[in-house]
Amino acid sequence: MSGTTAIDSLQNARAKLWLSLTDARGIRKHGAFLLSGRKTVPEALAAHGACFTAALARNDSDLNRLSLPAHIERYVLAKPLFEMLDTNGTGFPLLVGQVPVMAEADFTKAPDGFELVLALGDPSNLGAVLRSAAAFGVSRIVLMEGAAHPFHPKALRGGANAQFALTFLKGGNWDTLRAAKGPLAALDGTGADIETYDWPANLRLVLGEEGRGLPSGLAAEKLAIRTTGAVESLNATVAASLALHAHFRRQRG
């Protein structure tokens, strides 16, 4: 078992770096993230231990509850510092991980398989959709400009470790999608019934921004989820989950 380092000051260089990982700007700058959760931390550690570099806790006994590989550094933090990092309030040890490299999406080429294109700005909403994507066998996620960071603490909480099963691509602004090659569909209340849609094997499915919907002029086949009409529209996460389930059912025959 490696030694444990104690950190008490908020002015410590490592402490400052970890504190920056509570928002998207710090995550992008340092290429790192914080994972919390009594269930998600042990599961991620067991399945994806190589992704993590450090474990943070309030005391040694909490660290000893985890089966930490030798390469993971151990830190015991003063209570105020730990509580500032534990944004989800779990009280359980945190893991520091490395954000995977995200390549640029190439819209000059037709999709190879199914790609989900997202611009959700709320990290909790994004995390929930990523969880549904992993559950229904979607592995390629294109994040358009303005989308929340998938490794934001709230997105990680909503995703329940789905992020580790997904490949993320950077999509740029909406203009880059307008000339996309290959089949392109988008969720829209005015579209054709998604239940009768003949899903192509290779497709990009677009989910617009919360509240604003799809950009005008997007040349995509519009798909709608039929409802009673009692409400104007579905929540973006619900709509995405229903669409992914419809795709999943059709792919399974």
# chains A, B, ... in the order shown; residues from 1 in each chain; ligands from 1
call {"tool": "residues_around", "arguments": {"residues": "Ala47 (chain A)", "least_positions_apart": "4", "cutoff": "12 Å", "atoms": "only C-alpha atoms", "output": "list in words"}}
result
Thr40, Val41, Pro42, Glu43, Cys51, Phe52, Ser67, Pro69, Asn161, Ala162, Phe164 and Ala165 of chain A
call {"tool": "residues_around", "arguments": {"residues": "Ala148 (chain A)", "least_positions_apart": "5", "cutoff": "12 Å", "atoms": "only C-alpha atoms", "output": "ChimeraX atom specification"}}
result
/A:23-25,27-28,118-127,129-130,142-143,153-156,170,209-210
call {"tool": "closest_residue", "arguments": {"among": "A:Ala50, A:Val206, A:Ala160, A:Ile194", "to": "Ala236 (chain A)", "atoms": "only C-alpha atoms"}}
result
A:Val206
call {"tool": "residues_around", "arguments": {"residues": "Ile7 (chain A)", "least_positions_apart": "6", "cutoff": "7 Å", "atoms": "only C-alpha atoms", "output": "ChimeraX atom specification"}}
result
/A:76-78
call {"tool": "atom_distance", "arguments": {"atom1": "CA of Arg65 (chain A)", "atom2": "CA of Gln11 (chain A)"}}
result
27.9 Å
call {"tool": "atom_distance", "arguments": {"atom1": "CA of His48 (chain A)", "atom2": "CA of Pro93 (chain A)"}}
result
16.2 Å
call {"tool": "closest_residue", "arguments": {"among": "A:Gln251, A:Thr4, A:Thr167, A:Thr87", "to": "Asn59 (chain A)", "atoms": "only C-alpha atoms"}}
result
A:Thr4
call {"tool": "select_by_dssp", "arguments": {"residues": "region 34-133 of chain A", "states": "strand (DSSP E)", "output": "PyMOL selection string"}}
result
chain A and resi 34-35+52-57+73-77+94-98+103-104+114-118
call {"tool": "residues_around", "arguments": {"residues": "Leu68 (chain A)", "least_positions_apart": "6", "cutoff": "10 Å", "atoms": "only C-alpha atoms", "output": "VMD selection string"}}
result
chain A and resid 1 to 2 42 45 to 46 49 52 54 to 55 74
